[in-house]
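Below: final_2.txt (compact mmCIF, C-alpha atoms and all ligand atoms)
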```txt
# COMPACT_ATOMS: atom_id res chain seq x y z
CA MET A 1 -8.48 11.64 2.73
CA LEU A 2 -9.85 10.29 6.00
CA VAL A 3 -7.53 8.71 8.56
CA TYR A 4 -8.93 5.73 10.47
CA ALA A 5 -6.96 4.53 13.48
CA HIS A 6 -6.30 0.84 12.87
CA ARG A 7 -7.24 -1.11 16.03
CA GLY A 8 -7.03 2.33 17.65
CA ALA A 9 -3.69 4.14 17.82
CA SER A 10 -2.15 0.69 17.90
CA GLY A 11 1.34 1.72 16.81
CA GLU A 12 1.80 3.37 20.19
CA PHE A 13 -0.75 1.67 22.48
CA PRO A 14 -1.93 -1.94 22.86
CA GLU A 15 -4.20 -2.81 19.93
CA ASN A 16 -7.97 -2.89 20.35
CA THR A 17 -7.91 -1.51 23.90
CA LEU A 18 -9.62 1.48 25.45
CA SER A 19 -6.29 3.29 25.68
CA ALA A 20 -5.66 2.79 21.95
CA TYR A 21 -9.17 4.07 21.15
CA GLU A 22 -8.86 7.06 23.51
CA GLN A 23 -5.50 8.03 22.02
CA ALA A 24 -6.89 7.76 18.50
CA ILE A 25 -9.54 10.31 19.43
CA ILE A 26 -7.02 12.57 21.18
CA GLN A 27 -4.77 12.37 18.11
CA GLY A 28 -7.59 13.56 15.89
CA ALA A 29 -8.27 10.37 13.95
CA ASP A 30 -11.28 10.68 11.65
CA GLY A 31 -12.47 7.23 12.71
CA ILE A 32 -11.53 4.05 14.54
CA GLU A 33 -11.28 0.54 13.11
CA LEU A 34 -11.76 -2.40 15.47
CA ASP A 35 -12.10 -6.17 15.17
CA ALA A 36 -14.97 -8.23 16.58
CA GLN A 37 -15.77 -11.94 16.72
CA TYR A 38 -19.02 -13.67 17.53
CA HIS A 39 -18.91 -16.37 20.21
CA LYS A 40 -21.53 -19.12 20.22
CA GLU A 41 -22.52 -18.27 23.80
CA GLY A 42 -23.88 -15.00 22.50
CA HIS A 43 -21.34 -12.19 22.91
CA TRP A 44 -19.24 -10.23 20.43
CA TRP A 45 -15.64 -10.00 21.64
CA ILE A 46 -13.03 -7.50 20.53
CA LEU A 47 -10.02 -9.44 19.27
CA HIS A 48 -8.06 -9.45 16.03
CA ASP A 49 -6.37 -12.85 16.30
CA LEU A 50 -7.90 -16.32 16.31
CA TYR A 51 -5.99 -16.99 19.53
CA VAL A 52 -6.03 -14.90 22.69
CA ASP A 53 -2.35 -15.55 23.44
CA LYS A 54 -0.76 -12.45 21.86
CA THR A 55 -2.91 -9.72 23.37
CA THR A 56 -4.31 -11.17 26.62
CA ASN A 57 -3.05 -13.04 29.68
CA GLY A 58 -4.79 -16.22 28.49
CA GLN A 59 -4.20 -19.01 26.04
CA GLY A 60 -6.25 -20.76 23.40
CA ARG A 61 -8.55 -20.12 20.51
CA LEU A 62 -11.13 -17.47 21.39
CA LEU A 63 -14.13 -19.16 19.84
CA THR A 64 -13.49 -22.52 21.51
CA LEU A 65 -12.96 -21.09 25.01
CA PRO A 66 -15.98 -21.10 27.32
CA GLN A 67 -17.44 -17.64 27.85
CA LYS A 68 -16.74 -17.84 31.60
CA ASN A 69 -13.03 -18.17 30.79
CA ILE A 70 -13.07 -15.35 28.24
CA GLU A 71 -14.63 -13.06 30.84
CA THR A 72 -11.57 -13.49 33.07
CA LEU A 73 -9.08 -12.41 30.37
CA TYR A 74 -7.15 -9.18 30.64
CA THR A 75 -5.65 -7.22 27.77
CA GLU A 76 -2.31 -5.43 27.71
CA ASP A 77 -3.71 -2.31 29.37
CA ASP A 78 -4.68 -4.41 32.42
CA LEU A 79 -8.39 -4.12 31.70
CA PRO A 80 -10.78 -6.98 30.95
CA ILE A 81 -11.09 -8.05 27.33
CA LEU A 82 -13.75 -5.89 25.66
CA ARG A 83 -17.14 -6.79 24.33
CA LEU A 84 -18.20 -4.95 21.20
CA GLU A 85 -20.90 -2.98 23.01
CA GLU A 86 -18.36 -1.84 25.63
CA ALA A 87 -15.98 -0.57 22.95
CA LEU A 88 -18.77 1.28 21.14
CA SER A 89 -20.12 2.75 24.37
CA PHE A 90 -16.64 3.96 25.30
CA ILE A 91 -16.19 5.71 21.95
CA ASP A 92 -19.71 7.08 22.45
CA ASN A 93 -20.27 9.00 19.21
CA ARG A 94 -16.88 10.73 19.39
CA CYS A 95 -15.88 9.47 15.96
CA PRO A 96 -17.06 7.12 13.19
CA ILE A 97 -16.32 3.42 13.70
CA ASN A 98 -15.45 0.70 11.24
CA ILE A 99 -16.34 -2.68 12.77
CA GLU A 100 -14.42 -5.45 11.07
CA ILE A 101 -16.13 -8.76 11.65
CA LYS A 102 -13.72 -11.67 11.76
CA VAL A 103 -15.59 -14.76 10.64
CA SER A 104 -13.67 -17.65 9.17
CA SER A 105 -16.51 -19.87 8.03
CA GLY A 106 -20.12 -20.76 8.59
CA ASP A 107 -23.06 -21.81 6.53
CA GLU A 108 -25.45 -19.22 5.14
CA LYS A 109 -28.01 -19.77 7.89
CA ARG A 110 -25.45 -19.26 10.65
CA LEU A 111 -24.10 -16.12 8.97
CA HIS A 112 -27.64 -14.72 8.84
CA VAL A 113 -28.16 -15.49 12.53
CA MET A 114 -24.90 -13.69 13.31
CA ALA A 115 -25.91 -10.66 11.24
CA GLN A 116 -29.32 -10.61 12.91
CA ASN A 117 -27.69 -10.73 16.34
CA LEU A 118 -25.31 -7.90 15.36
CA ASN A 119 -28.23 -5.84 14.12
CA GLU A 120 -30.01 -6.24 17.48
CA LEU A 121 -26.89 -5.18 19.36
CA LEU A 122 -26.32 -2.12 17.16
CA ASN A 123 -29.98 -1.19 17.12
CA ASP A 124 -30.06 -1.13 20.93
CA LEU A 125 -27.05 1.20 20.93
CA VAL A 126 -28.69 3.47 18.36
CA ILE A 127 -31.80 3.66 20.55
CA GLN A 128 -29.58 4.50 23.55
CA LYS A 129 -27.91 7.18 21.36
CA THR A 130 -24.50 5.56 21.92
CA ILE A 131 -23.90 5.19 18.18
CA ARG A 132 -25.40 6.68 15.01
CA TRP A 133 -26.03 4.50 11.97
CA GLN A 134 -24.44 7.06 9.65
CA GLU A 135 -21.13 6.68 11.53
CA ILE A 136 -21.03 2.89 11.53
CA SER A 137 -19.50 0.80 8.80
CA ILE A 138 -19.24 -2.99 8.85
CA SER A 139 -16.50 -4.75 6.92
CA SER A 140 -15.35 -8.31 6.51
CA PHE A 141 -13.16 -10.51 4.37
CA ASN A 142 -16.03 -12.99 4.45
CA HIS A 143 -18.23 -11.68 1.64
CA LEU A 144 -20.98 -14.19 2.33
CA PHE A 145 -21.29 -12.60 5.75
CA LEU A 146 -21.57 -9.19 4.05
CA VAL A 147 -24.49 -10.53 1.99
CA ALA A 148 -26.15 -11.41 5.31
CA VAL A 149 -25.33 -7.93 6.64
CA ALA A 150 -26.90 -6.31 3.57
CA ASP A 151 -30.01 -8.37 4.27
CA GLN A 152 -30.20 -7.95 8.05
CA ILE A 153 -28.61 -4.55 8.71
CA PRO A 154 -29.81 -2.24 5.92
CA GLU A 155 -28.78 0.90 7.82
CA ALA A 156 -25.10 -0.06 7.97
CA SER A 157 -22.54 0.92 5.37
CA ILE A 158 -20.80 -2.20 4.05
CA GLY A 159 -17.06 -2.41 3.45
CA MET A 160 -15.74 -5.19 1.24
CA LEU A 161 -12.31 -6.21 2.52
CA ILE A 162 -9.96 -7.78 0.04
CA GLY A 163 -6.38 -8.96 -0.05
CA HIS A 164 -6.12 -9.00 -3.84
CA CYS A 165 -7.71 -6.99 -6.65
CA PRO A 166 -9.38 -8.94 -9.46
CA ALA A 167 -10.37 -6.93 -12.55
CA ASP A 168 -14.12 -7.14 -11.89
CA LEU A 169 -13.81 -6.09 -8.25
CA ALA A 170 -15.80 -2.85 -8.44
CA GLN A 171 -18.66 -4.61 -10.18
CA THR A 172 -18.69 -7.36 -7.54
CA ALA A 173 -18.73 -4.74 -4.78
CA GLN A 174 -21.63 -2.97 -6.44
CA THR A 175 -23.59 -6.22 -6.69
CA LEU A 176 -22.92 -6.82 -3.01
CA GLY A 177 -24.22 -3.34 -2.16
CA ALA A 178 -20.89 -2.26 -0.67
CA LYS A 179 -20.34 1.44 0.01
CA THR A 180 -16.59 0.95 0.24
CA ILE A 181 -13.95 -1.42 -1.14
CA ASN A 182 -11.23 -1.96 1.46
CA PRO A 183 -8.11 -3.30 -0.30
CA CYS A 184 -4.66 -3.85 1.18
CA ILE A 185 -2.03 -1.31 0.21
CA ASP A 186 -0.03 -3.96 -1.66
CA CYS A 187 -2.73 -4.60 -4.25
CA LEU A 188 -3.89 -1.01 -4.64
CA ASN A 189 -3.81 0.63 -8.05
CA LYS A 190 -5.33 3.70 -9.69
CA GLN A 191 -7.55 1.65 -11.99
CA LEU A 192 -9.28 0.12 -8.98
CA VAL A 193 -9.90 3.55 -7.45
CA ASP A 194 -11.24 4.94 -10.73
CA ASP A 195 -13.50 1.90 -11.32
CA ALA A 196 -14.88 2.11 -7.79
CA HIS A 197 -15.52 5.86 -8.01
CA GLN A 198 -17.32 5.47 -11.32
CA ARG A 199 -19.76 3.20 -9.50
CA GLY A 200 -20.10 5.55 -6.55
CA ILE A 201 -18.04 3.30 -4.27
CA ALA A 202 -15.34 4.72 -2.01
CA VAL A 203 -11.91 3.10 -1.48
CA TRP A 204 -10.55 2.64 2.05
CA VAL A 205 -7.05 1.15 2.16
CA TYR A 206 -5.26 -0.85 4.90
CA THR A 207 -2.70 -0.73 6.53
CA VAL A 208 -0.95 2.47 5.53
CA ASP A 209 1.89 3.51 7.84
CA ARG A 210 4.71 4.56 5.50
CA PHE A 211 4.77 8.14 4.24
CA GLU A 212 5.42 7.00 0.64
CA ASP A 213 2.28 4.83 0.82
CA ILE A 214 0.24 7.68 2.31
CA ASP A 215 1.41 9.91 -0.56
CA PHE A 216 0.53 7.25 -3.14
CA CYS A 217 -2.97 6.87 -1.68
CA CYS A 218 -3.42 10.64 -1.79
CA ASP A 219 -2.18 10.90 -5.35
CA ILE A 220 -4.58 8.29 -6.76
CA GLY A 221 -7.64 9.59 -4.92
CA VAL A 222 -8.12 7.06 -2.10
CA ASP A 223 -10.94 8.13 0.22
CA ALA A 224 -9.67 6.77 3.54
CA ILE A 225 -6.71 4.90 4.97
CA PHE A 226 -6.34 2.71 8.03
CA THR A 227 -3.13 3.43 9.91
CA ASN A 228 -1.55 2.34 13.18
CA PHE A 229 -0.16 5.88 13.58
CA PRO A 230 -2.98 8.42 13.23
CA ASP A 231 -1.00 11.24 14.87
CA ARG A 232 1.97 11.31 12.53
CA THR A 233 -0.26 10.46 9.54
CA LYS A 234 -2.54 13.44 10.19
CA LYS A 235 0.51 15.68 10.64
CA HIS A 236 2.04 14.40 7.40
CA LEU A 237 -1.17 15.06 5.49
CA ILE A 238 -1.44 18.57 6.93
CA SER A 239 2.19 19.27 5.98
CA LYS A 240 1.39 18.22 2.39
CA GLY A 241 -1.42 20.79 2.35
O1 LIG B 1 -9.88 -3.47 8.16
C1 LIG B 1 -8.61 -3.31 7.66
C2 LIG B 1 -7.63 -4.28 8.26
O2 LIG B 1 -7.75 -4.24 9.64
C3 LIG B 1 -7.79 -5.69 7.77
O3 LIG B 1 -6.75 -6.54 8.17
O4 LIG B 1 -5.66 -8.23 9.58
O5 LIG B 1 -5.49 -5.85 10.20
O6 LIG B 1 -7.64 -7.05 10.47
P1 LIG B 1 -6.38 -6.94 9.66
CA CA B 2 -8.99 -5.31 11.27
```
Have the structure of the file written as structure tokens, please.
Ligand code: G3P
Ligand code: CA
Amino acid sequence: MLVYAHRGASGEFPENTLSAYEQAIIQGADGIELDAQYHKEGHWWILHDLYVDKTTNGQGRLLTLPQKNIETLYTEDDLPILRLEEALSFIDNRCPINIEIKVSSGDEKRLHVMAQNLNELLNDLVIQKTIRWQEISISSFNHLFLVAVADQIPEASIGMLIGHCPADLAQTAQTLGAKTINPCIDCLNKQLVDDAHQRGIAVWVYTVDRFEDIDFCCDIGVDAIFTNFPDRTKKHLISKG
């Protein structure tokens, strides 16, 4: 079972910062999960929340702030807030990356423009050899955006994020062209894992920090977990053998 560092090693270092990503790599995480949001002035910013207040020295809703204000924000490691390309360049092929795109709404046309823009950004990084397509997955709770990703970014592996597990989930994921279903730990069950595997879809579960949850994921055949504590999670898995 793969261990993805959720927002980096965010249980011990400020989430979605270079220090959290660096520590995830040092701790032997199999991959890093990060959150990105598209701003209308053209950049992809690394931020989990709608508002910048919790993790930066600023205030307000990220997507309504002018870009010139966003550029002055500092995160909790006293470095400027990251753009997606800066985060990916920093990781620089050292481990696979799951990019979670936070997108609350948008009509189909806008979602396609966003996916097209993301494809251009990622393609440039592939050409620069900063990332490899086979190590990039793109996930979102917004499944309409994932349809646009399937259309615009055929090289990327798609992860279908969900907070609940309807019975026909695996079939929906297959129709969407998802390579992974990414359910929350609270709605996980063995039937879901079996259904997904029968369709050749992997199951990546968030956010798994408790040892009993790690064990449950292992027991039912989960393929990857997202955890805030990659170090102790890797050690626990090794101790289980
Ligand atoms: O991608 C898994 C997980 O990060 C989704 O939830 O709220 O932590 O972004 P959240
Ligand atoms: Ca996330």
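The residue set within 9 Å of A:Arg83, counting all atoms listed in the file and dropping same-chain residues fewer than 2 places from it, reads Ala36, His43, Trp44, Trp45, Ile46, Ile81, Glu85, Glu86, Ala87 and Leu88 of chain A.
Pairwise distance (atom CA of A:Arg232, atom CA of A:Ile25) equals 13.5 Å.
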For ligand LIG 1 (chain B), return the neighbouring residues as a tab-separated table (two decimals) with C-alpha atoms, keeping the file's coordinate frame (distance at most 7 Å; only C-alpha atoms and all ligand atoms).
```
chain	number	residue	atom	x	y	z
A	6	HIS	CA	-6.30	0.84	12.87
A	33	GLU	CA	-11.28	0.54	13.11
A	35	ASP	CA	-12.10	-6.17	15.17
A	48	HIS	CA	-8.06	-9.45	16.03
A	100	GLU	CA	-14.42	-5.45	11.07
A	139	SER	CA	-16.50	-4.75	6.92
A	161	LEU	CA	-12.31	-6.21	2.52
A	182	ASN	CA	-11.23	-1.96	1.46
A	206	TYR	CA	-5.26	-0.85	4.90
A	207	THR	CA	-2.70	-0.73	6.53
A	226	PHE	CA	-6.34	2.71	8.03
```
- If you count all atoms listed in the file, which residues fall within 7 Å of A:Ile131, apart from same-chain ones fewer than 6 positions away, as a ChimeraX atom specification? /A:92-93,125
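Counting all atoms listed in the file, the residue from A:Thr72, A:Ser104, A:Ser239, A:Asn98 that sits nearest to ligand CA 2 (chain B) is A:Asn98.
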- Message: Here is a test: counting only C-alpha atoms, which residue of A:Gly163, A:Gly200, A:Pro230, A:Pro80 is nearest to A:Ile214?
- Response: A:Pro230
- From the set A:Cys184, A:Asp168, A:Arg110, A:Thr56, which residue has the shortest atom-to-atom contact distance to A:Phe141, counting all atoms listed in the file? A:Cys184
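When all atoms listed in the file are used to measure the gap to ligand CA 2 (chain B), the shortest distance among A:Glu212, A:Asp219, A:Glu22, A:Asp49 belongs to A:Asp49.
When atom CA of A:Asn117 is paired with atom CA of A:Thr130, their separation reads 17.5 Å.
Residue nearest ligand CA 2 (chain B), chosen from A:Leu34, A:Ile158, A:Leu18, A:Leu118 and counting all atoms listed in the file: A:Leu34.
With all atoms listed in the file as the atoms that count, the residue of A:Ser19, A:Ser137, A:Ser89, A:Asn189 with the shortest distance to A:Gly31 is A:Ser137.
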